[in-house]
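Enquirer: So that you have it, the file is work_9.cif, and it contains mmCIF, C-alpha atoms, pLDDT in the B column; chains and numbers go by the auth columns:
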```
data_coords
loop_
_atom_site.group_PDB
_atom_site.id
_atom_site.type_symbol
_atom_site.label_atom_id
_atom_site.label_comp_id
_atom_site.label_asym_id
_atom_site.label_seq_id
_atom_site.Cartn_x
_atom_site.Cartn_y
_atom_site.Cartn_z
_atom_site.B_iso_or_equiv
_atom_site.auth_seq_id
_atom_site.auth_asym_id
ATOM 1 C CA MET A 1 -15.731 17.547 -10.659 69.00 838 A
ATOM 2 C CA GLU A 2 -12.608 17.300 -8.578 80.00 839 A
ATOM 3 C CA SER A 3 -13.837 16.931 -5.005 93.00 840 A
ATOM 4 C CA VAL A 4 -15.637 14.187 -3.123 96.00 841 A
ATOM 5 C CA PRO A 5 -18.295 16.561 -1.705 94.00 842 A
ATOM 6 C CA GLU A 6 -18.928 17.986 -5.180 94.00 843 A
ATOM 7 C CA LEU A 7 -19.418 14.493 -6.626 94.00 844 A
ATOM 8 C CA ALA A 8 -21.680 13.557 -3.714 95.00 845 A
ATOM 9 C CA ALA A 9 -23.794 16.693 -4.155 93.00 846 A
ATOM 10 C CA GLY A 10 -24.448 15.726 -7.767 93.00 847 A
ATOM 11 C CA VAL A 11 -25.391 12.175 -6.792 93.00 848 A
ATOM 12 C CA ALA A 12 -27.625 13.398 -3.953 92.00 849 A
ATOM 13 C CA GLU A 13 -29.400 15.828 -6.256 91.00 850 A
ATOM 14 C CA ALA A 14 -30.073 13.105 -8.830 90.00 851 A
ATOM 15 C CA LEU A 15 -31.279 10.649 -6.183 88.00 852 A
ATOM 16 C CA ALA A 16 -33.531 13.188 -4.476 85.00 853 A
ATOM 17 C CA ALA A 17 -35.101 14.076 -7.823 83.00 854 A
ATOM 18 C CA SER A 18 -35.932 10.441 -8.552 81.00 855 A
ATOM 19 C CA ALA A 19 -36.756 9.280 -5.022 73.00 856 A
ATOM 20 C CA ASP A 20 -39.729 7.110 -4.271 77.00 857 A
ATOM 21 C CA ASP A 21 -40.716 5.080 -1.212 73.00 858 A
ATOM 22 C CA ARG A 22 -38.404 2.143 -1.893 77.00 859 A
ATOM 23 C CA PRO A 23 -35.606 1.622 0.628 81.00 860 A
ATOM 24 C CA VAL A 24 -32.094 2.315 -0.586 85.00 861 A
ATOM 25 C CA VAL A 25 -28.754 0.807 0.432 89.00 862 A
ATOM 26 C CA PHE A 26 -25.553 2.523 -0.726 93.00 863 A
ATOM 27 C CA PHE A 27 -22.447 0.626 -1.773 94.00 864 A
ATOM 28 C CA GLY A 28 -19.155 2.323 -2.537 96.00 865 A
ATOM 29 C CA HIS A 29 -15.726 0.909 -3.273 96.00 866 A
ATOM 30 C CA SER A 30 -12.564 2.897 -2.520 95.00 867 A
ATOM 31 C CA MET A 31 -13.263 6.523 -3.513 95.00 868 A
ATOM 32 C CA GLY A 32 -16.880 5.485 -4.104 96.00 869 A
ATOM 33 C CA ALA A 33 -17.227 4.729 -0.381 98.00 870 A
ATOM 34 C CA LEU A 34 -16.377 8.338 0.450 98.00 871 A
ATOM 35 C CA VAL A 35 -18.827 9.588 -2.188 98.00 872 A
ATOM 36 C CA ALA A 36 -21.531 7.253 -0.803 98.00 873 A
ATOM 37 C CA PHE A 37 -20.890 8.542 2.732 98.00 874 A
ATOM 38 C CA GLU A 38 -21.106 12.202 1.707 97.00 875 A
ATOM 39 C CA THR A 39 -24.212 11.437 -0.372 96.00 876 A
ATOM 40 C CA ALA A 40 -25.850 9.757 2.627 96.00 877 A
ATOM 41 C CA ILE A 41 -25.105 12.821 4.754 95.00 878 A
ATOM 42 C CA ALA A 42 -26.520 15.130 2.076 93.00 879 A
ATOM 43 C CA LEU A 43 -29.721 13.067 1.932 91.00 880 A
ATOM 44 C CA SER A 44 -30.072 12.588 5.688 87.00 881 A
ATOM 45 C CA GLY A 45 -32.620 15.351 6.091 74.00 882 A
ATOM 46 C CA GLY A 46 -35.049 13.963 3.533 71.00 883 A
ATOM 47 C CA GLY A 47 -36.807 10.733 2.713 67.00 884 A
ATOM 48 C CA SER A 48 -34.042 9.534 0.387 75.00 885 A
ATOM 49 C CA ALA A 49 -31.461 8.639 3.034 83.00 886 A
ATOM 50 C CA PRO A 50 -30.074 5.108 2.741 90.00 887 A
ATOM 51 C CA ARG A 51 -31.063 2.390 5.184 90.00 888 A
ATOM 52 C CA ALA A 52 -27.519 1.049 5.193 92.00 889 A
ATOM 53 C CA LEU A 53 -24.073 1.932 3.905 95.00 890 A
ATOM 54 C CA LEU A 54 -21.652 -0.713 2.634 95.00 891 A
ATOM 55 C CA VAL A 55 -18.129 0.658 2.242 97.00 892 A
ATOM 56 C CA SER A 56 -15.388 -1.340 0.593 96.00 893 A
ATOM 57 C CA ALA A 57 -11.600 -0.879 0.478 96.00 894 A
ATOM 58 C CA SER A 58 -11.843 2.532 2.095 97.00 895 A
ATOM 59 C CA ARG A 59 -10.257 4.209 5.064 96.00 896 A
ATOM 60 C CA GLY A 60 -12.666 5.915 7.433 97.00 897 A
ATOM 61 C CA PRO A 61 -13.666 9.342 6.124 97.00 898 A
ATOM 62 C CA SER A 62 -11.734 11.268 8.785 96.00 899 A
ATOM 63 C CA VAL A 63 -8.475 9.373 8.161 95.00 900 A
ATOM 64 C CA PRO A 64 -5.974 11.406 6.100 89.00 901 A
ATOM 65 C CA ALA A 65 -5.061 10.032 2.689 86.00 902 A
ATOM 66 C CA ARG A 66 -1.713 8.295 2.361 79.00 903 A
ATOM 67 C CA ARG A 67 -0.926 10.039 -0.932 76.00 904 A
ATOM 68 C CA ASP A 68 -0.566 13.722 -1.555 72.00 905 A
ATOM 69 C CA GLU A 69 -2.687 15.453 -4.163 72.00 906 A
ATOM 70 C CA ASN A 70 0.137 15.687 -6.720 73.00 907 A
ATOM 71 C CA PHE A 71 0.713 11.943 -6.809 76.00 908 A
ATOM 72 C CA GLY A 72 3.125 10.888 -9.496 81.00 909 A
ATOM 73 C CA THR A 73 3.757 11.072 -13.177 89.00 910 A
ATOM 74 C CA ASP A 74 1.599 9.241 -15.696 91.00 911 A
ATOM 75 C CA ALA A 75 4.074 6.354 -15.571 91.00 912 A
ATOM 76 C CA GLU A 76 3.862 6.239 -11.769 91.00 913 A
ATOM 77 C CA ILE A 77 0.066 6.266 -11.853 91.00 914 A
ATOM 78 C CA MET A 78 0.085 3.419 -14.373 92.00 915 A
ATOM 79 C CA ALA A 79 2.512 1.489 -12.141 92.00 916 A
ATOM 80 C CA ASP A 80 0.171 2.108 -9.209 90.00 917 A
ATOM 81 C CA LEU A 81 -2.797 0.817 -11.222 91.00 918 A
ATOM 82 C CA ARG A 82 -0.802 -2.307 -12.067 92.00 919 A
ATOM 83 C CA GLU A 83 0.161 -2.833 -8.424 90.00 920 A
ATOM 84 C CA LEU A 84 -3.454 -2.530 -7.287 89.00 921 A
ATOM 85 C CA ASN A 85 -4.331 -5.234 -9.827 88.00 922 A
ATOM 86 C CA GLY A 86 -7.751 -3.826 -10.684 88.00 923 A
ATOM 87 C CA THR A 87 -7.110 -2.726 -14.275 91.00 924 A
ATOM 88 C CA SER A 88 -6.419 -5.204 -17.040 91.00 925 A
ATOM 89 C CA GLU A 89 -3.012 -5.109 -18.700 92.00 926 A
ATOM 90 C CA GLN A 90 -4.791 -4.905 -22.060 94.00 927 A
ATOM 91 C CA LEU A 91 -6.345 -1.569 -21.055 93.00 928 A
ATOM 92 C CA LEU A 92 -3.107 -0.267 -19.565 94.00 929 A
ATOM 93 C CA ALA A 93 -1.270 -1.118 -22.810 94.00 930 A
ATOM 94 C CA ASN A 94 -3.736 0.882 -24.930 96.00 931 A
ATOM 95 C CA GLU A 95 -1.918 4.234 -25.211 94.00 932 A
ATOM 96 C CA ALA A 96 -4.816 6.091 -26.843 96.00 933 A
ATOM 97 C CA LEU A 97 -7.217 4.980 -24.139 95.00 934 A
ATOM 98 C CA MET A 98 -4.758 5.791 -21.358 94.00 935 A
ATOM 99 C CA GLN A 99 -4.362 9.350 -22.709 94.00 936 A
ATOM 100 C CA VAL A 100 -8.086 9.782 -22.074 96.00 937 A
ATOM 101 C CA VAL A 101 -8.259 7.839 -18.804 94.00 938 A
ATOM 102 C CA LEU A 102 -5.167 9.115 -16.966 94.00 939 A
ATOM 103 C CA PRO A 103 -6.468 12.687 -16.438 94.00 940 A
ATOM 104 C CA VAL A 104 -9.643 11.203 -14.914 93.00 941 A
ATOM 105 C CA VAL A 105 -7.653 8.863 -12.661 93.00 942 A
ATOM 106 C CA ARG A 106 -5.400 11.757 -11.650 92.00 943 A
ATOM 107 C CA ALA A 107 -8.471 13.863 -10.769 91.00 944 A
ATOM 108 C CA ASP A 108 -9.847 10.972 -8.684 92.00 945 A
ATOM 109 C CA TYR A 109 -6.524 10.557 -6.876 91.00 946 A
ATOM 110 C CA ARG A 110 -6.472 14.311 -6.217 91.00 947 A
ATOM 111 C CA ALA A 111 -10.057 14.296 -4.899 93.00 948 A
ATOM 112 C CA VAL A 112 -9.279 11.458 -2.481 93.00 949 A
ATOM 113 C CA ALA A 113 -6.032 13.092 -1.341 91.00 950 A
ATOM 114 C CA ARG A 114 -7.816 16.377 -0.594 92.00 951 A
ATOM 115 C CA TYR A 115 -10.804 14.794 1.129 94.00 952 A
ATOM 116 C CA ARG A 116 -11.147 14.468 4.860 92.00 953 A
ATOM 117 C CA SER A 117 -14.459 14.677 6.656 94.00 954 A
ATOM 118 C CA SER A 118 -15.001 16.173 10.040 93.00 955 A
ATOM 119 C CA PRO A 119 -14.509 13.662 12.875 92.00 956 A
ATOM 120 C CA GLU A 120 -18.062 14.549 13.948 94.00 957 A
ATOM 121 C CA ALA A 121 -19.658 13.698 10.574 96.00 958 A
ATOM 122 C CA ARG A 122 -22.033 10.757 10.981 96.00 959 A
ATOM 123 C CA VAL A 123 -24.743 8.845 9.198 96.00 960 A
ATOM 124 C CA SER A 124 -27.638 7.333 11.125 93.00 961 A
ATOM 125 C CA CYS A 125 -27.780 4.107 9.133 93.00 962 A
ATOM 126 C CA PRO A 126 -25.714 0.996 9.893 93.00 963 A
ATOM 127 C CA VAL A 127 -22.304 0.825 8.210 96.00 964 A
ATOM 128 C CA THR A 128 -20.564 -2.352 7.074 95.00 965 A
ATOM 129 C CA ALA A 129 -16.903 -1.957 6.112 97.00 966 A
ATOM 130 C CA LEU A 130 -15.292 -4.573 3.857 96.00 967 A
ATOM 131 C CA THR A 131 -11.535 -4.885 3.472 96.00 968 A
ATOM 132 C CA GLY A 132 -8.979 -7.053 1.757 96.00 969 A
ATOM 133 C CA ASP A 133 -6.403 -8.619 4.053 96.00 970 A
ATOM 134 C CA ASP A 134 -3.604 -7.613 1.658 95.00 971 A
ATOM 135 C CA ASP A 135 -4.823 -4.137 0.604 95.00 972 A
ATOM 136 C CA PRO A 136 -1.823 -1.790 0.294 93.00 973 A
ATOM 137 C CA LEU A 137 -4.055 1.294 0.623 92.00 974 A
ATOM 138 C CA VAL A 138 -6.295 0.458 3.601 95.00 975 A
ATOM 139 C CA ASP A 139 -5.488 -1.417 6.777 93.00 976 A
ATOM 140 C CA GLN A 140 -7.916 -2.751 9.386 94.00 977 A
ATOM 141 C CA SER A 141 -7.389 0.132 11.806 96.00 978 A
ATOM 142 C CA GLU A 142 -8.186 2.689 9.071 96.00 979 A
ATOM 143 C CA ALA A 143 -11.310 0.780 8.027 97.00 980 A
ATOM 144 C CA ARG A 144 -12.450 0.486 11.639 98.00 981 A
ATOM 145 C CA VAL A 145 -12.651 4.307 11.817 98.00 982 A
ATOM 146 C CA TRP A 146 -15.962 3.992 9.931 98.00 983 A
ATOM 147 C CA GLU A 147 -17.458 2.929 13.269 98.00 984 A
ATOM 148 C CA ARG A 148 -16.999 6.499 14.537 98.00 985 A
ATOM 149 C CA HIS A 149 -19.008 7.848 11.607 98.00 986 A
ATOM 150 C CA THR A 150 -22.322 6.154 12.267 97.00 987 A
ATOM 151 C CA THR A 151 -24.930 6.278 14.984 95.00 988 A
ATOM 152 C CA GLY A 152 -26.278 2.987 13.595 92.00 989 A
ATOM 153 C CA GLY A 153 -24.565 -0.368 13.951 92.00 990 A
ATOM 154 C CA PHE A 154 -21.137 -1.196 12.588 96.00 991 A
ATOM 155 C CA ARG A 155 -19.583 -4.365 11.191 94.00 992 A
ATOM 156 C CA LEU A 156 -16.113 -4.955 9.775 96.00 993 A
ATOM 157 C CA ARG A 157 -15.578 -7.895 7.411 94.00 994 A
ATOM 158 C CA GLN A 158 -12.233 -8.963 6.022 95.00 995 A
ATOM 159 C CA PHE A 159 -11.782 -10.899 2.780 95.00 996 A
ATOM 160 C CA PRO A 160 -8.721 -12.502 1.232 95.00 997 A
ATOM 161 C CA GLY A 161 -7.132 -10.254 -1.371 95.00 998 A
ATOM 162 C CA GLY A 162 -5.842 -6.801 -2.120 94.00 999 A
ATOM 163 C CA HIS A 163 -7.542 -3.520 -2.959 94.00 1000 A
ATOM 164 C CA PHE A 164 -9.780 -5.223 -5.511 94.00 1001 A
ATOM 165 C CA PHE A 165 -10.606 -8.226 -3.314 94.00 1002 A
ATOM 166 C CA LEU A 166 -14.136 -8.033 -4.738 91.00 1003 A
ATOM 167 C CA ASP A 167 -12.997 -9.772 -7.909 88.00 1004 A
ATOM 168 C CA GLU A 168 -12.058 -12.975 -6.074 89.00 1005 A
ATOM 169 C CA ASN A 169 -14.921 -12.855 -3.567 90.00 1006 A
ATOM 170 C CA ARG A 170 -18.044 -12.091 -5.612 90.00 1007 A
ATOM 171 C CA ASP A 171 -20.187 -14.814 -4.045 91.00 1008 A
ATOM 172 C CA ARG A 172 -19.274 -13.812 -0.489 88.00 1009 A
ATOM 173 C CA LEU A 173 -19.820 -10.151 -1.341 86.00 1010 A
ATOM 174 C CA CYS A 174 -23.280 -10.909 -2.744 88.00 1011 A
ATOM 175 C CA GLU A 175 -24.107 -12.836 0.446 87.00 1012 A
ATOM 176 C CA GLU A 176 -22.940 -9.877 2.538 82.00 1013 A
ATOM 177 C CA LEU A 177 -25.024 -7.452 0.488 82.00 1014 A
ATOM 178 C CA ALA A 178 -28.107 -9.690 0.736 84.00 1015 A
ATOM 179 C CA LEU A 179 -27.679 -9.955 4.507 81.00 1016 A
ATOM 180 C CA LEU A 180 -27.216 -6.214 4.832 75.00 1017 A
ATOM 181 C CA THR A 181 -30.267 -5.311 2.747 75.00 1018 A
ATOM 182 C CA ALA A 182 -32.439 -7.869 4.556 78.00 1019 A
ATOM 183 C CA SER A 183 -31.417 -6.640 8.002 73.00 1020 A
ATOM 184 C CA ALA A 184 -31.785 -2.979 7.009 63.00 1021 A
ATOM 185 C CA ALA A 185 -35.276 -3.647 5.645 65.00 1022 A
ATOM 186 C CA ALA A 186 -36.261 -5.603 8.758 64.00 1023 A
ATOM 187 C CA LEU A 187 -34.998 -2.906 11.103 58.00 1024 A
ATOM 188 C CA GLY A 188 -36.635 -0.126 9.126 56.00 1025 A
ATOM 189 C CA HIS A 189 -33.514 2.071 9.111 47.00 1026 A
#
```
Can you turn what I pasted into C-alpha cells?

Expert:
Amino acid sequence: MESVPELAAGVAEALAASADDRPVVFFGHSMGALVAFETAIALSGGGSAPRALLVSASRGPSVPARRDENFGTDAEIMADLRELNGTSEQLLANEALMQVVLPVVRADYRAVARYRSSPEARVSCPVTALTGDDDPLVDQSEARVWERHTTGGFRLRQFPGGHFFLDENRDRLCEELALLTASAAALGH
C-alpha cells in the first residue's frame, strides 16, 4: 500500500470488523498520525469512531509535505534516518536488513509526500497534537493546523526533543495519554 488513505481504509476495515462497545482512542506518530486521522474519518459514520485522537510529530493533514515524492537516494534516506535520530546505528549498519527496509521507508516517504487532506476534512473527537521543540520536520504552526480538522476540542503540547521526542519523554507522554483517555471517557465523545 502506497497511500495514506489506502492504509487507513485497511485499518478501518479491520477495526470495524472487530469493534465492540469499548471506547477507542487513536494515537499516531508522524505518518501514523495521518493514517489515524483518515481512519477516524472512515469510521465516523459507525460505532467504531475514536473518542479522541492523539497526533504526534505530524503537520496538520492539509499542510503540504516538505519533501517531494521522489525523495533521495538510498544513501540520502539513510542520512535522513540518522538525522531524525529514531533508528539505531546498529540497524542502519546492517546492509542486508537495510536492503529490505529501505523500499518500505521509501514507500512511506512517498505516501506522506503525496498526501494532503481537504481543508474541510474534520473529525468530531477532540485532537491533541504533540510536538518536539527541535523537530526538523514539523514546526508549531504546522502542528496547530490540526485545530482546523476537528469539531471537538484541541490541545497542542510541546516536548523537548526532535522528531522522536517520545523516546526522551515516555513518562510525560504516558501522563498525556492517561489524561486524554480519562477526559474522552468522561465526556462521552

Enquirer: Output the residue selection produced by the PyMOL selection byres ((chain A and resi 1002) around 9) on the file above, formatted as a list of chain:residue names.

Expert: A:Ala894, A:Thr968, A:Gly969, A:Asp970, A:Asp971, A:Asp972, A:Phe996, A:Pro997, A:Gly998, A:Gly999, A:His1000, A:Phe1001, A:Leu1003, A:Asp1004, A:Glu1005, A:Asn1006, A:Arg1007

Enquirer: Once the PyMOL selection byres ((chain A and resi 983-993) around 7) has been applied to the shown file, what residues remain in the selection, as a list in words?

Expert: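 Given this file, the PyMOL selection byres ((chain A and resi 983-993) around 7) evaluates to Gly897, Pro898, Ala958, Arg959, Val960, Ser961, Cys962, Pro963, Val964, Thr965, Ala966, Leu967, Ala980, Arg981, Val982, Arg994 and Gln995 of chain A.
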
Enquirer: Pick out the closest residue to Leu921 of chain A from this set: A:Leu844, A:Ile878, A:Ala889, A:Val975. Count all atoms listed in the file.

Expert: A:Val975

Enquirer: Please evaluate the PyMOL selection byres ((chain A and resi 1014) around 12) against the structure above and give the resulting residues as a list in words.

Expert: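 Applying the expression gives Val862, Phe863, Phe864, Gly865, Ala889, Leu890, Leu891, Val892, Ser893, Val964, Thr965, Ala966, Leu967, Arg994, Arg1007, Asp1008, Arg1009, Leu1010, Cys1011, Glu1012, Glu1013, Ala1015, Leu1016, Leu1017, Thr1018, Ala1019, Ser1020 and Ala1021 of chain A.
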
Enquirer: Might you pull out every residue within 9 Å of Ala879 of chain A, with all atoms listed in the file counted and same-chain residues fewer than 5 positions away left off, and present them as a PyMOL selection string?

Expert: chain A and resi 845-846+849-850+874+886

Enquirer: For the atom pair atom CA of Ala948 of chain A and atom CA of Leu934 of chain A, what is the interatomic distance in Å to one decimal place?

Expert: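 Straight-line distance from atom CA of Ala948 of chain A to atom CA of Leu934 of chain A works out to 21.6 Å.
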
Enquirer: Just checking: using all atoms listed in the file, which residue out of A:Gly869, A:Ala950, A:Gln977, A:Ala933 ends up closest to Phe908 of chain A?

Expert: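 So, comparing all the options, the nearest one is A:Ala950.
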
Enquirer: Which value, in Å to one decimal, gives the distance between atom CA of Val938 of chain A and atom CA of Leu918 of chain A?

Expert: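 It comes out at 11.7 Å.
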
Enquirer: List every protein, DNA or RNA residue with an atom no more than 9 Å from (-32.7, 7.5, 6.5) in the file's coordinates, counting only C-alpha atoms, and format the result as number ranges by chain.

Expert: A: 860-861, 877, 880-889, 960-962, 1025-1026

Enquirer: From the set A:Val900, A:Met935, A:Val942, A:Leu928, which residue has the shortest atom-to-atom contact distance to Asp976 of chain A, counting all atoms listed in the file?

Expert: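 Once distances to Asp976 of chain A are computed over all atoms listed in the file, the minimum belongs to A:Val900.
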
Enquirer: Atom CA of Asn922 of chain A and atom CA of Ser978 of chain A, how far apart in Å?

Expert: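 Between atom CA of Ser978 of chain A and atom CA of Asn922 of chain A the gap is 22.5 Å.
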
Enquirer: Between A:Glu875, A:Asp911, A:Asp858, A:Glu920, which has the minimum distance to Ser899 of chain A (counting all atoms listed in the file)?

Expert: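 Counting all atoms listed in the file, the residue closest to Ser899 of chain A is A:Glu875.
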